[in-house]
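Listing of protein-v4.pdb, PDB, N, CA and C atoms, pLDDT in the B column
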```
ATOM      1  N   MET X 158      25.699  -4.999  53.636  1.00 53.00           N
ATOM      2  CA  MET X 158      25.916  -3.944  52.708  1.00 53.00           C
ATOM      3  C   MET X 158      27.284  -3.318  53.003  1.00 53.00           C
ATOM      4  N   ALA X 159      28.172  -3.381  52.077  1.00 59.00           N
ATOM      5  CA  ALA X 159      29.520  -2.863  52.256  1.00 59.00           C
ATOM      6  C   ALA X 159      29.576  -1.389  51.857  1.00 59.00           C
ATOM      7  N   THR X 160      30.358  -0.631  52.590  1.00 64.00           N
ATOM      8  CA  THR X 160      30.561   0.774  52.243  1.00 64.00           C
ATOM      9  C   THR X 160      31.979   0.960  51.748  1.00 64.00           C
ATOM     10  N   ASN X 161      32.121   1.825  50.817  1.00 66.00           N
ATOM     11  CA  ASN X 161      33.428   2.113  50.262  1.00 66.00           C
ATOM     12  C   ASN X 161      34.197   3.022  51.211  1.00 66.00           C
ATOM     13  N   ILE X 162      35.392   2.638  51.591  1.00 67.00           N
ATOM     14  CA  ILE X 162      36.192   3.431  52.523  1.00 67.00           C
ATOM     15  C   ILE X 162      36.547   4.784  51.911  1.00 67.00           C
ATOM     16  N   CYS X 163      36.775   4.814  50.627  1.00 70.00           N
ATOM     17  CA  CYS X 163      37.160   6.059  49.956  1.00 70.00           C
ATOM     18  C   CYS X 163      36.017   7.066  49.893  1.00 70.00           C
ATOM     19  N   SER X 164      34.780   6.607  49.994  1.00 66.00           N
ATOM     20  CA  SER X 164      33.653   7.513  49.869  1.00 66.00           C
ATOM     21  C   SER X 164      33.247   8.145  51.197  1.00 66.00           C
ATOM     22  N   ARG X 165      33.892   7.770  52.276  1.00 68.00           N
ATOM     23  CA  ARG X 165      33.557   8.355  53.573  1.00 68.00           C
ATOM     24  C   ARG X 165      34.020   9.803  53.645  1.00 68.00           C
ATOM     25  N   LYS X 166      33.257  10.590  54.367  1.00 74.00           N
ATOM     26  CA  LYS X 166      33.563  12.001  54.500  1.00 74.00           C
ATOM     27  C   LYS X 166      34.388  12.235  55.758  1.00 74.00           C
ATOM     28  N   ARG X 167      35.427  13.019  55.649  1.00 76.00           N
ATOM     29  CA  ARG X 167      36.276  13.332  56.794  1.00 76.00           C
ATOM     30  C   ARG X 167      35.638  14.449  57.604  1.00 76.00           C
ATOM     31  N   THR X 168      35.637  14.319  58.919  1.00 77.00           N
ATOM     32  CA  THR X 168      35.052  15.314  59.801  1.00 77.00           C
ATOM     33  C   THR X 168      35.938  16.555  59.825  1.00 77.00           C
ATOM     34  N   PRO X 169      35.368  17.733  59.579  1.00 83.00           N
ATOM     35  CA  PRO X 169      36.189  18.947  59.557  1.00 83.00           C
ATOM     36  C   PRO X 169      36.462  19.471  60.971  1.00 83.00           C
ATOM     37  N   PHE X 170      37.674  19.281  61.441  1.00 91.00           N
ATOM     38  CA  PHE X 170      38.082  19.808  62.735  1.00 91.00           C
ATOM     39  C   PHE X 170      38.871  21.087  62.530  1.00 91.00           C
ATOM     40  N   ALA X 171      38.721  22.032  63.435  1.00 92.00           N
ATOM     41  CA  ALA X 171      39.422  23.307  63.336  1.00 92.00           C
ATOM     42  C   ALA X 171      40.005  23.662  64.698  1.00 92.00           C
ATOM     43  N   THR X 172      41.047  24.471  64.683  1.00 93.00           N
ATOM     44  CA  THR X 172      41.610  24.965  65.932  1.00 93.00           C
ATOM     45  C   THR X 172      40.764  26.130  66.425  1.00 93.00           C
ATOM     46  N   VAL X 173      40.972  26.497  67.660  1.00 93.00           N
ATOM     47  CA  VAL X 173      40.223  27.606  68.244  1.00 93.00           C
ATOM     48  C   VAL X 173      40.596  28.911  67.538  1.00 93.00           C
ATOM     49  N   LYS X 174      41.860  29.055  67.190  1.00 94.00           N
ATOM     50  CA  LYS X 174      42.308  30.260  66.499  1.00 94.00           C
ATOM     51  C   LYS X 174      41.631  30.408  65.138  1.00 94.00           C
ATOM     52  N   GLU X 175      41.490  29.300  64.402  1.00 93.00           N
ATOM     53  CA  GLU X 175      40.810  29.347  63.105  1.00 93.00           C
ATOM     54  C   GLU X 175      39.352  29.757  63.259  1.00 93.00           C
ATOM     55  N   LEU X 176      38.678  29.216  64.283  1.00 93.00           N
ATOM     56  CA  LEU X 176      37.274  29.590  64.523  1.00 93.00           C
ATOM     57  C   LEU X 176      37.149  31.063  64.864  1.00 93.00           C
ATOM     58  N   ALA X 177      38.080  31.564  65.678  1.00 94.00           N
ATOM     59  CA  ALA X 177      38.039  32.977  66.059  1.00 94.00           C
ATOM     60  C   ALA X 177      38.215  33.870  64.840  1.00 94.00           C
ATOM     61  N   GLU X 178      39.104  33.497  63.925  1.00 95.00           N
ATOM     62  CA  GLU X 178      39.302  34.290  62.717  1.00 95.00           C
ATOM     63  C   GLU X 178      38.069  34.246  61.818  1.00 95.00           C
ATOM     64  N   GLU X 179      37.429  33.077  61.724  1.00 93.00           N
ATOM     65  CA  GLU X 179      36.207  32.951  60.908  1.00 93.00           C
ATOM     66  C   GLU X 179      35.078  33.809  61.446  1.00 93.00           C
ATOM     67  N   LEU X 180      34.915  33.793  62.770  1.00 92.00           N
ATOM     68  CA  LEU X 180      33.799  34.502  63.388  1.00 92.00           C
ATOM     69  C   LEU X 180      34.101  35.962  63.676  1.00 92.00           C
ATOM     70  N   GLY X 181      35.369  36.353  63.587  1.00 95.00           N
ATOM     71  CA  GLY X 181      35.732  37.747  63.823  1.00 95.00           C
ATOM     72  C   GLY X 181      35.675  38.138  65.280  1.00 95.00           C
ATOM     73  N   CYS X 182      36.040  37.223  66.157  1.00 94.00           N
ATOM     74  CA  CYS X 182      36.068  37.525  67.580  1.00 94.00           C
ATOM     75  C   CYS X 182      37.402  37.061  68.157  1.00 94.00           C
ATOM     76  N   CYS X 183      37.594  37.257  69.454  1.00 95.00           N
ATOM     77  CA  CYS X 183      38.864  36.877  70.066  1.00 95.00           C
ATOM     78  C   CYS X 183      38.830  35.404  70.487  1.00 95.00           C
ATOM     79  N   VAL X 184      39.993  34.848  70.695  1.00 94.00           N
ATOM     80  CA  VAL X 184      40.139  33.443  71.051  1.00 94.00           C
ATOM     81  C   VAL X 184      39.508  33.162  72.414  1.00 94.00           C
ATOM     82  N   GLN X 185      39.615  34.118  73.324  1.00 95.00           N
ATOM     83  CA  GLN X 185      39.044  33.935  74.658  1.00 95.00           C
ATOM     84  C   GLN X 185      37.533  33.761  74.608  1.00 95.00           C
ATOM     85  N   GLN X 186      36.875  34.459  73.697  1.00 94.00           N
ATOM     86  CA  GLN X 186      35.423  34.324  73.562  1.00 94.00           C
ATOM     87  C   GLN X 186      35.046  32.924  73.096  1.00 94.00           C
ATOM     88  N   ILE X 187      35.850  32.345  72.202  1.00 93.00           N
ATOM     89  CA  ILE X 187      35.590  30.976  71.739  1.00 93.00           C
ATOM     90  C   ILE X 187      35.762  30.000  72.893  1.00 93.00           C
ATOM     91  N   TYR X 188      36.812  30.180  73.698  1.00 93.00           N
ATOM     92  CA  TYR X 188      37.015  29.297  74.842  1.00 93.00           C
ATOM     93  C   TYR X 188      35.872  29.413  75.845  1.00 93.00           C
ATOM     94  N   LYS X 189      35.351  30.614  76.066  1.00 94.00           N
ATOM     95  CA  LYS X 189      34.204  30.790  76.967  1.00 94.00           C
ATOM     96  C   LYS X 189      32.987  30.054  76.431  1.00 94.00           C
ATOM     97  N   THR X 190      32.780  30.126  75.129  1.00 92.00           N
ATOM     98  CA  THR X 190      31.656  29.438  74.508  1.00 92.00           C
ATOM     99  C   THR X 190      31.813  27.928  74.611  1.00 92.00           C
ATOM    100  N   LEU X 191      33.035  27.438  74.437  1.00 92.00           N
ATOM    101  CA  LEU X 191      33.281  25.993  74.485  1.00 92.00           C
ATOM    102  C   LEU X 191      33.155  25.415  75.891  1.00 92.00           C
ATOM    103  N   LYS X 192      33.185  26.257  76.922  1.00 93.00           N
ATOM    104  CA  LYS X 192      33.023  25.776  78.298  1.00 93.00           C
ATOM    105  C   LYS X 192      31.575  25.440  78.632  1.00 93.00           C
ATOM    106  N   ARG X 193      30.651  25.879  77.785  1.00 92.00           N
ATOM    107  CA  ARG X 193      29.235  25.568  78.022  1.00 92.00           C
ATOM    108  C   ARG X 193      29.024  24.061  77.969  1.00 92.00           C
ATOM    109  N   PRO X 194      28.122  23.514  78.767  1.00 92.00           N
ATOM    110  CA  PRO X 194      27.926  22.052  78.812  1.00 92.00           C
ATOM    111  C   PRO X 194      27.475  21.446  77.487  1.00 92.00           C
ATOM    112  N   GLU X 195      26.684  22.156  76.706  1.00 91.00           N
ATOM    113  CA  GLU X 195      26.206  21.584  75.453  1.00 91.00           C
ATOM    114  C   GLU X 195      27.291  21.528  74.388  1.00 91.00           C
ATOM    115  N   MET X 196      28.373  22.262  74.556  1.00 91.00           N
ATOM    116  CA  MET X 196      29.469  22.276  73.580  1.00 91.00           C
ATOM    117  C   MET X 196      30.458  21.119  73.764  1.00 91.00           C
ATOM    118  N   GLN X 197      30.324  20.343  74.821  1.00 91.00           N
ATOM    119  CA  GLN X 197      31.283  19.274  75.085  1.00 91.00           C
ATOM    120  C   GLN X 197      31.263  18.189  74.019  1.00 91.00           C
ATOM    121  N   SER X 198      30.178  18.085  73.266  1.00 90.00           N
ATOM    122  CA  SER X 198      30.091  17.048  72.238  1.00 90.00           C
ATOM    123  C   SER X 198      30.917  17.373  70.998  1.00 90.00           C
ATOM    124  N   CYS X 199      31.258  18.631  70.791  1.00 91.00           N
ATOM    125  CA  CYS X 199      32.004  18.992  69.582  1.00 91.00           C
ATOM    126  C   CYS X 199      33.494  19.188  69.824  1.00 91.00           C
ATOM    127  N   ILE X 200      33.972  18.954  71.043  1.00 91.00           N
ATOM    128  CA  ILE X 200      35.389  19.139  71.374  1.00 91.00           C
ATOM    129  C   ILE X 200      36.115  17.808  71.295  1.00 91.00           C
ATOM    130  N   LYS X 201      37.292  17.824  70.694  1.00 90.00           N
ATOM    131  CA  LYS X 201      38.160  16.651  70.652  1.00 90.00           C
ATOM    132  C   LYS X 201      39.506  17.051  71.237  1.00 90.00           C
ATOM    133  N   LYS X 202      39.946  16.327  72.260  1.00 87.00           N
ATOM    134  CA  LYS X 202      41.219  16.619  72.913  1.00 87.00           C
ATOM    135  C   LYS X 202      42.377  16.133  72.055  1.00 87.00           C
ATOM    136  N   ILE X 203      43.408  16.951  71.955  1.00 87.00           N
ATOM    137  CA  ILE X 203      44.635  16.602  71.256  1.00 87.00           C
ATOM    138  C   ILE X 203      45.766  16.779  72.260  1.00 87.00           C
ATOM    139  N   GLY X 204      46.362  15.691  72.675  1.00 83.00           N
ATOM    140  CA  GLY X 204      47.439  15.770  73.656  1.00 83.00           C
ATOM    141  C   GLY X 204      46.911  16.161  75.022  1.00 83.00           C
ATOM    142  N   THR X 205      47.725  16.890  75.796  1.00 84.00           N
ATOM    143  CA  THR X 205      47.312  17.259  77.145  1.00 84.00           C
ATOM    144  C   THR X 205      46.618  18.615  77.198  1.00 84.00           C
ATOM    145  N   ALA X 206      46.995  19.538  76.319  1.00 83.00           N
ATOM    146  CA  ALA X 206      46.434  20.879  76.412  1.00 83.00           C
ATOM    147  C   ALA X 206      45.671  21.318  75.166  1.00 83.00           C
ATOM    148  N   GLY X 207      45.951  20.734  74.018  1.00 87.00           N
ATOM    149  CA  GLY X 207      45.337  21.200  72.779  1.00 87.00           C
ATOM    150  C   GLY X 207      43.964  20.614  72.542  1.00 87.00           C
ATOM    151  N   ILE X 208      43.126  21.366  71.858  1.00 91.00           N
ATOM    152  CA  ILE X 208      41.804  20.869  71.477  1.00 91.00           C
ATOM    153  C   ILE X 208      41.539  21.222  70.024  1.00 91.00           C
ATOM    154  N   ARG X 209      40.678  20.439  69.410  1.00 93.00           N
ATOM    155  CA  ARG X 209      40.155  20.708  68.081  1.00 93.00           C
ATOM    156  C   ARG X 209      38.636  20.695  68.199  1.00 93.00           C
ATOM    157  N   VAL X 210      37.992  21.458  67.348  1.00 94.00           N
ATOM    158  CA  VAL X 210      36.542  21.600  67.414  1.00 94.00           C
ATOM    159  C   VAL X 210      35.941  21.086  66.115  1.00 94.00           C
ATOM    160  N   ASN X 211      34.920  20.236  66.245  1.00 93.00           N
ATOM    161  CA  ASN X 211      34.174  19.765  65.088  1.00 93.00           C
ATOM    162  C   ASN X 211      33.326  20.935  64.597  1.00 93.00           C
ATOM    163  N   LYS X 212      33.673  21.471  63.427  1.00 92.00           N
ATOM    164  CA  LYS X 212      33.035  22.696  62.944  1.00 92.00           C
ATOM    165  C   LYS X 212      31.547  22.523  62.675  1.00 92.00           C
ATOM    166  N   GLU X 213      31.151  21.385  62.123  1.00 92.00           N
ATOM    167  CA  GLU X 213      29.737  21.171  61.811  1.00 92.00           C
ATOM    168  C   GLU X 213      28.896  21.162  63.082  1.00 92.00           C
ATOM    169  N   ASP X 214      29.345  20.398  64.093  1.00 92.00           N
ATOM    170  CA  ASP X 214      28.610  20.346  65.357  1.00 92.00           C
ATOM    171  C   ASP X 214      28.621  21.699  66.058  1.00 92.00           C
ATOM    172  N   PHE X 215      29.748  22.397  65.995  1.00 93.00           N
ATOM    173  CA  PHE X 215      29.867  23.705  66.636  1.00 93.00           C
ATOM    174  C   PHE X 215      28.831  24.674  66.077  1.00 93.00           C
ATOM    175  N   TYR X 216      28.727  24.734  64.744  1.00 93.00           N
ATOM    176  CA  TYR X 216      27.782  25.669  64.130  1.00 93.00           C
ATOM    177  C   TYR X 216      26.326  25.248  64.360  1.00 93.00           C
ATOM    178  N   LYS X 217      26.056  23.939  64.415  1.00 94.00           N
ATOM    179  CA  LYS X 217      24.690  23.481  64.707  1.00 94.00           C
ATOM    180  C   LYS X 217      24.268  23.909  66.106  1.00 94.00           C
ATOM    181  N   ILE X 218      25.158  23.717  67.071  1.00 93.00           N
ATOM    182  CA  ILE X 218      24.843  24.071  68.462  1.00 93.00           C
ATOM    183  C   ILE X 218      24.725  25.585  68.608  1.00 93.00           C
ATOM    184  N   MET X 219      25.613  26.318  67.963  1.00 90.00           N
ATOM    185  CA  MET X 219      25.561  27.783  68.031  1.00 90.00           C
ATOM    186  C   MET X 219      24.250  28.305  67.442  1.00 90.00           C
ATOM    187  N   GLU X 220      23.792  27.680  66.379  1.00 92.00           N
ATOM    188  CA  GLU X 220      22.527  28.094  65.760  1.00 92.00           C
ATOM    189  C   GLU X 220      21.361  27.848  66.716  1.00 92.00           C
ATOM    190  N   GLN X 221      21.387  26.729  67.447  1.00 91.00           N
ATOM    191  CA  GLN X 221      20.313  26.431  68.393  1.00 91.00           C
ATOM    192  C   GLN X 221      20.352  27.383  69.586  1.00 91.00           C
ATOM    193  N   ILE X 222      21.544  27.741  70.041  1.00 86.00           N
ATOM    194  CA  ILE X 222      21.667  28.621  71.203  1.00 86.00           C
ATOM    195  C   ILE X 222      21.224  30.038  70.873  1.00 86.00           C
ATOM    196  N   TYR X 223      21.749  30.579  69.768  1.00 83.00           N
ATOM    197  CA  TYR X 223      21.541  31.985  69.459  1.00 83.00           C
ATOM    198  C   TYR X 223      20.465  32.239  68.413  1.00 83.00           C
ATOM    199  N   ARG X 224      19.535  31.323  68.274  1.00 82.00           N
ATOM    200  CA  ARG X 224      18.443  31.510  67.333  1.00 82.00           C
ATOM    201  C   ARG X 224      17.418  32.456  67.878  1.00 82.00           C
TER     202      ARG X 224
END
```
Kindly present the structure from the file in structure tokens form.
Amino acid sequence: MATNICSRKRTPFATVKELAEELGCCVQQIYKTLKRPEMQSCIKKIGTAGIRVNKEDFYKIMEQIYR
């Protein structure tokens, strides 16, 4: 069964600053949250120091933690 390449959905990655603005908190709080062991699955390294966060996975994990 062949899948159409054009129909694939792109994973929404966001910077830490964008997440902080969405949630209305400081960037340091997002970094503290991302240090948790369960959050390692939603982090993608960019270069040596930068990271991007998979927004869908981030919100799923946050919902499970703070439910």
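Take the candidates X:Gly204, X:Arg193, X:Ile187, X:Glu220 and check each one against Glu175 of chain X using only C-alpha atoms; the shortest distance goes to X:Ile187.
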Straight-line distance linking atom CA of Gly207 of chain X with atom C of Ile222 of chain X, stated in Å to one decimal: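 Computing the Euclidean distance for atom CA of Gly207 of chain X and atom C of Ile222 of chain X yields 25.8 Å.
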Target residues per the PyMOL selection byres ((chain X and resi 166-173) around 6.5), formatted as an NGL selection string: :X and (163-165 or 174-178 or 184 or 208-213)
Centre, x/y/z edge lengths, axis-aligned box for segment 204-219 of chain X with 3 Å per side, as JSON:
```
{"center_x": 36.0, "center_y": 22.0, "center_z": 69.5, "size_x": 29.5, "size_y": 18.6, "size_z": 21.4}
```
DSSP-assigned strand (DSSP E) among chain X, expressed as a PyMOL selection string: chain X and resi 170-171+200-203+207-211
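Atom pair atom N of Glu179 of chain X / atom N of Ser198 of chain X has a distance of 20.3 Å (rounded to one decimal).
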Distance of atom N of Ile200 of chain X from atom C of Arg224 of chain X, expressed in Å to one decimal place: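 That distance, rounded to one decimal, is 21.6 Å.
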All residues 12 Å or closer to Glu195 of chain X, only C-alpha atoms, same chain fewer than 2 positions away omitted, as a list of chain:residue names: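 Listed by chain and then number, they are X:Thr190, X:Leu191, X:Lys192, X:Arg193, X:Gln197, X:Ser198, X:Cys199, X:Ile200, X:Asp214, X:Phe215, X:Lys217, X:Ile218, X:Met219, X:Gln221, X:Ile222.
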Helix (DSSP H, G or I) call set, DSSP backbone run, chain X, as a PyMOL selection string: chain X and resi 162-164+173-180+184-191+194-199+212-222
